[in-house]
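First the structure, in the form of structure tokens, and then the observations on it.
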Amino acid sequence: MTLRDAIRDNMWPRLLPVLALLAILPVWELVCRLFGIPDYVLPAPTSIFNAFLNVDMQRWMGHLWATLRVALMGFALAIIISLPLAILMVRSVFLTRTLFPFLVVIQSTPIVAVAPLIIVILGAGDAPRTVIACLISFFPIVVATTTGMLATPREMLELSRSLKASASREIWQIRLPYAVPHIFSGLKVAITLAIIGAVIAEFVAAEKGLGYFVQFSTSYFRIPQAFAALFFLSAVSLVLFKAVQVVQKTFFGWSLPAEDER
Amino acid sequence: MNPDVEFIGVGHSYRSKNKPPVQALQDINLHLAHNEFVAVVGPSGCGKSTLLRLLSGLVSPTEGEVRMFGQPVTAPGGEVGIVFQKPTLLPWLSVFDNVLFPLRHQGRVIGRQDRDRARALLETVGLAEFINSQPDELSGGMQQRVGIARALLLDPDILIMDEPFSALDALSREQMGFELLRIWSERPKTVLFITHSISEAVLLADRVLVMSPRPAQIIDTIDIDLPRPRTPTTIDLPEFNTCTQRIRQHIFGPLQQASGLTAVPSHRTPVCQAS
């Protein structure tokens with residue numbers, strides 16, 4: 001493969017979304033200027049960019065770290081809870097019947113409505129925010145893991161049984177690895193939800209974080225600054241999503257379909 | 001000498017909720033002698049695979065008894081090697097680790113001896129150079145060979161094969177058949193080979209059991225006295241035709257012969273005899 005081919009095959013698809021954004025920005029700018037749209041309705045890209053630069057980098061990093069910390073802790077907690085829960089549910093129909101309705105109830109209760117209560121119960125600090133981020137992101141992991149483990153082909157399970165293997169080896173060496181592609185689909189959904197959970201928590205009670213900063217900027221009518229924080233937030237989500245993909249590709253490369261790395 | 005495997009009046013019916021039980025097998029009597037290669041043919045869905053599950057202890061008979069080395073089989077004993085219809089390799093393990101999987105799955109420590117054995121088995125099935133490949137890098141036939149190597153790892157006395165080549169194209173299928181015979185002659189085993197291909201059964205086996213549609217019964221047992229080693233020219237022997245013809249009649253009825261599709265030379269003494 002020549003360098004040119006490499007650029008064409010590898011760079012081109014990655015550059016596409018960036019190019020799309022670059023194409024939209026001038027149009028956006030032009031529309032704002034031509035029609036004299038005020039900043040509080042729709043700020044032009046340049047004024048968003050200026051607002052971004054006007055805030056100290058250290059301050060941005062402080063907000064970023066506050067949100068990232070909560071989202072990642074919530075995500076980690078969700079994984080720690082979900083995987084054992086999924087394993088238990090696969091091993092016992094009784095548990096599935098008992099627990100699953102509760103999980104659905106937790107999932108379908110709007111987290112925005114529950115968040116203030118959690119903050120009242122757990123007080124200020126990272127703990128309630130982590131719980132909120134966890135609550136919103138654990139469900140897809142449980143469902144994906146359970147589905148994957150239950151989809152294990154009958155012949156693989158018969159192989160296990162014919163070898164007189166214990167139930168725990170069947171889980172660890174057959175069902176759980178088989179579920180890996182499913183688990184990663186769940187993780188990809190969950191990581192973006194964890195960010196949303198962190199932002200919701202900041203909306204309710206916080207003095208730091210990108211979500212808090214969006215709200216703070218809006219209440220002071222600094223709309224371009226709110227937009228800048230919003231874009232920053234999207235970028236963080238995108239990077240985290242990509243990070244999950246990289247982990248999958250690096251450690252579980254076999255679980256990706258060959259040739260097609262989406 | 002006592003047979004390795006005996007089915008004594010075995011019947012099996014599947015029970016499912018809200019449905020009457022389905023009788024899959026009825027009054028099966030069979031025996032496999034030591035290192036004998038026995039093929040089972042029958043129409044699809046006739047319960048051939050149930051035979052495999054009974055022998056490996058994955059399911060228990062609802063009537064009669066399955067015995068292995070004189071002992072009744074009630075649960076998987078770990079002494080049979082199974083080759084499944086699909087290769088059933090684990091995609092997260094390399095070819096080498098797939099072959100070693102039975103040991104690891106039984107929680108045994110894998111020593112140098114075991115690795116050497118796995119390597120030798122991969123050599124036997126002609127995949128020495130693919131030892132570090134991932135299963136999805138191999139063709140269907142190669143994957144099934146890995147499956148055979150894996151089934152042989154624990155050196156089982158009995159090898160059960162459930163239509164192992166049915167997913168392969170006709171060419172690789174024939175090649176794999178001869179490959180299997182070569183491996184079998186290198187490492188003799190008692191083989192129960194389930195297939196729906198009549199010619200495959202005749203080409204490979206010492207004895208062919210013909211099964212009826214559900215509930216499946218053994219309607220004929222045919223000794224195949226074709227000379228070994230069997231080669232691609234075995235198919236050209238008139239005796240080969242006589243045997244396949246006889247099985248075909250059981251499955252499709254005598255219609256085909258009447259239409260003269262395959263003429264059986266009458267001046268030859270048939271080599272396949274009822275036992």
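Every chain in the structure tokens takes a letter, A first, then B, and so on in the order presented; its residues are numbered from 1, and the ligands are numbered from 1 following the presented order.
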
Do you have, as a Markdown table, the list of residues of chain A lying at most 6 Å from chain B, each with its nearest atom pair and that distance in Å to one decimal, counting only C-alpha atoms and ordered by chain then number?
```
| residue | atom | partner | partner_atom | distance |
| --- | --- | --- | --- | --- |
| A:Ser162 | CA | B:Pro76 | CA | 5.1 |
| A:Leu163 | CA | B:Gly78 | CA | 4.7 |
| A:Lys164 | CA | B:Gly78 | CA | 5.8 |
| A:Ala165 | CA | B:Gln106 | CA | 5.4 |
| A:Trp254 | CA | B:Trp92 | CA | 5.9 |
```

Same residues, C-alpha atoms, saved as a PDB file, in the first residue's frame:
```pdb
ATOM      1  CA  SER A 162     -19.693 -32.518  27.139  1.00  0.00           C
ATOM      2  CA  LEU A 163     -16.422 -31.535  28.823  1.00  0.00           C
ATOM      3  CA  LYS A 164     -18.090 -31.687  32.240  1.00  0.00           C
ATOM      4  CA  ALA A 165     -17.129 -28.079  32.864  1.00  0.00           C
ATOM      5  CA  TRP A 254     -11.759 -10.344  17.121  1.00  0.00           C
TER       6      TRP A 254
END
```

### Task
Would you please give, as a ChimeraX atom specification, all residues of stretch 49-269 of chain B that DSSP assigns to strand (DSSP E or B) based on the backbone?
/B:63-68,71-72,80-83,158-162,190-195,207-211,216,218-223

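With only C-alpha atoms as the basis for measurement, B:Trp184 is the residue among B:Phe130, B:Phe165, B:Phe178, B:Trp184 that approaches B:Leu152 most closely.
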
#### Entry: One-decimal distance in Å that lies between atom CA of A:Thr147 and atom CA of A:Val90
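So the answer is 8.9 Å.
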
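Interatomic distance, atom CA of A:Val41 against atom CA of A:Phe203: 21.5 Å.
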
For A:Gly74, find every residue with an atom within 8 Å (counting only C-alpha atoms), except residues of its own chain fewer than 2 positions away, and show them as a PDB file with N, CA and C atoms, in the first residue's frame.
```pdb
ATOM      1  N   VAL A  70     -17.081  12.803  37.049  1.00  0.00           N
ATOM      2  CA  VAL A  70     -18.377  12.230  37.438  1.00  0.00           C
ATOM      3  C   VAL A  70     -18.847  11.218  36.394  1.00  0.00           C
ATOM      4  N   ALA A  71     -18.725  11.590  35.113  1.00  0.00           N
ATOM      5  CA  ALA A  71     -19.203  10.687  34.058  1.00  0.00           C
ATOM      6  C   ALA A  71     -18.421   9.372  34.095  1.00  0.00           C
ATOM      7  N   LEU A  72     -17.113   9.459  34.230  1.00  0.00           N
ATOM      8  CA  LEU A  72     -16.298   8.241  34.213  1.00  0.00           C
ATOM      9  C   LEU A  72     -16.537   7.388  35.457  1.00  0.00           C
ATOM     10  N   ALA A  76     -18.006   3.709  35.307  1.00  0.00           N
ATOM     11  CA  ALA A  76     -17.298   2.583  35.936  1.00  0.00           C
ATOM     12  C   ALA A  76     -18.223   1.861  36.914  1.00  0.00           C
ATOM     13  N   LEU A  77     -18.945   2.637  37.704  1.00  0.00           N
ATOM     14  CA  LEU A  77     -19.877   2.047  38.669  1.00  0.00           C
ATOM     15  C   LEU A  77     -20.951   1.238  37.931  1.00  0.00           C
ATOM     16  N   ALA A  78     -21.417   1.786  36.798  1.00  0.00           N
ATOM     17  CA  ALA A  78     -22.439   1.084  36.008  1.00  0.00           C
ATOM     18  C   ALA A  78     -21.907  -0.263  35.532  1.00  0.00           C
ATOM     19  N   ARG A 129     -23.837  12.775  42.194  1.00  0.00           N
ATOM     20  CA  ARG A 129     -23.692  12.923  40.729  1.00  0.00           C
ATOM     21  C   ARG A 129     -23.253  11.610  40.089  1.00  0.00           C
ATOM     22  N   THR A 130     -22.331  10.929  40.756  1.00  0.00           N
ATOM     23  CA  THR A 130     -21.889   9.633  40.241  1.00  0.00           C
ATOM     24  C   THR A 130     -23.064   8.655  40.180  1.00  0.00           C
ATOM     25  N   VAL A 131     -23.891   8.670  41.228  1.00  0.00           N
ATOM     26  CA  VAL A 131     -25.034   7.765  41.258  1.00  0.00           C
ATOM     27  C   VAL A 131     -25.983   8.075  40.106  1.00  0.00           C
ATOM     28  N   ILE A 132     -26.196   9.363  39.849  1.00  0.00           N
ATOM     29  CA  ILE A 132     -27.095   9.752  38.751  1.00  0.00           C
ATOM     30  C   ILE A 132     -26.525   9.282  37.408  1.00  0.00           C
ATOM     31  N   ALA A 133     -25.221   9.518  37.197  1.00  0.00           N
ATOM     32  CA  ALA A 133     -24.590   9.078  35.944  1.00  0.00           C
ATOM     33  C   ALA A 133     -24.662   7.569  35.799  1.00  0.00           C
ATOM     34  N   CYS A 134     -24.524   6.873  36.927  1.00  0.00           N
ATOM     35  CA  CYS A 134     -24.584   5.405  36.909  1.00  0.00           C
ATOM     36  C   CYS A 134     -25.997   4.922  36.591  1.00  0.00           C
ATOM     37  N   LEU A 135     -26.978   5.545  37.254  1.00  0.00           N
ATOM     38  CA  LEU A 135     -28.372   5.117  37.080  1.00  0.00           C
ATOM     39  C   LEU A 135     -28.821   5.216  35.636  1.00  0.00           C
ATOM     40  N   SER A 137     -26.890   5.059  33.001  1.00  0.00           N
ATOM     41  CA  SER A 137     -26.082   4.335  32.013  1.00  0.00           C
ATOM     42  C   SER A 137     -26.000   2.832  32.246  1.00  0.00           C
ATOM     43  N   ALA A 194     -23.722   8.408  30.265  1.00  0.00           N
ATOM     44  CA  ALA A 194     -23.053   8.804  31.509  1.00  0.00           C
ATOM     45  C   ALA A 194     -22.758  10.302  31.494  1.00  0.00           C
TER      46      ALA A 194
END
```

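Counting only C-alpha atoms, stretch 21-24 of chain B has the following residues at most 7 Å away, ignoring those fewer than 4 positions along the same chain: His12, Ser13, Tyr14, Arg15, Ser16, Cys46, Gly47, Arg214, Pro215 and Ala216 of chain B.
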
Could you save the residues just selected, with N, CA, C and O atoms, as a PDB file, in the first residue's frame?
```pdb
ATOM      1  N   HIS B  12     -36.444 -42.027  22.883  1.00  0.00           N
ATOM      2  CA  HIS B  12     -36.357 -40.703  23.470  1.00  0.00           C
ATOM      3  C   HIS B  12     -37.480 -39.823  22.958  1.00  0.00           C
ATOM      4  O   HIS B  12     -37.727 -39.758  21.759  1.00  0.00           O
ATOM      5  N   SER B  13     -38.176 -39.186  23.881  1.00  0.00           N
ATOM      6  CA  SER B  13     -39.179 -38.222  23.431  1.00  0.00           C
ATOM      7  C   SER B  13     -38.908 -36.881  24.093  1.00  0.00           C
ATOM      8  O   SER B  13     -38.530 -36.812  25.262  1.00  0.00           O
ATOM      9  N   TYR B  14     -39.060 -35.840  23.289  1.00  0.00           N
ATOM     10  CA  TYR B  14     -38.870 -34.485  23.795  1.00  0.00           C
ATOM     11  C   TYR B  14     -40.180 -34.001  24.374  1.00  0.00           C
ATOM     12  O   TYR B  14     -41.227 -34.132  23.769  1.00  0.00           O
ATOM     13  N   ARG B  15     -40.070 -33.434  25.559  1.00  0.00           N
ATOM     14  CA  ARG B  15     -41.252 -32.856  26.173  1.00  0.00           C
ATOM     15  C   ARG B  15     -41.135 -31.343  26.088  1.00  0.00           C
ATOM     16  O   ARG B  15     -40.072 -30.788  26.339  1.00  0.00           O
ATOM     17  N   SER B  16     -42.219 -30.716  25.689  1.00  0.00           N
ATOM     18  CA  SER B  16     -42.222 -29.263  25.781  1.00  0.00           C
ATOM     19  C   SER B  16     -43.574 -28.834  26.309  1.00  0.00           C
ATOM     20  O   SER B  16     -44.567 -29.558  26.208  1.00  0.00           O
ATOM     21  N   CYS B  46     -34.773 -36.675  11.474  1.00  0.00           N
ATOM     22  CA  CYS B  46     -35.278 -37.970  11.912  1.00  0.00           C
ATOM     23  C   CYS B  46     -34.762 -38.329  13.290  1.00  0.00           C
ATOM     24  O   CYS B  46     -35.080 -39.369  13.828  1.00  0.00           O
ATOM     25  N   GLY B  47     -33.968 -37.463  13.904  1.00  0.00           N
ATOM     26  CA  GLY B  47     -33.509 -37.777  15.254  1.00  0.00           C
ATOM     27  C   GLY B  47     -32.089 -38.306  15.296  1.00  0.00           C
ATOM     28  O   GLY B  47     -31.667 -38.859  16.300  1.00  0.00           O
ATOM     29  N   ARG B 214     -39.188 -39.988  11.555  1.00  0.00           N
ATOM     30  CA  ARG B 214     -39.649 -39.895  12.929  1.00  0.00           C
ATOM     31  C   ARG B 214     -40.924 -40.663  13.200  1.00  0.00           C
ATOM     32  O   ARG B 214     -41.841 -40.602  12.398  1.00  0.00           O
ATOM     33  N   PRO B 215     -41.072 -41.392  14.311  1.00  0.00           N
ATOM     34  CA  PRO B 215     -40.003 -41.633  15.278  1.00  0.00           C
ATOM     35  C   PRO B 215     -38.964 -42.591  14.699  1.00  0.00           C
ATOM     36  O   PRO B 215     -39.329 -43.645  14.187  1.00  0.00           O
ATOM     37  N   ALA B 216     -37.711 -42.202  14.794  1.00  0.00           N
ATOM     38  CA  ALA B 216     -36.665 -42.912  14.081  1.00  0.00           C
ATOM     39  C   ALA B 216     -36.398 -44.285  14.681  1.00  0.00           C
ATOM     40  O   ALA B 216     -36.341 -44.458  15.895  1.00  0.00           O
TER      41      ALA B 216
END
```
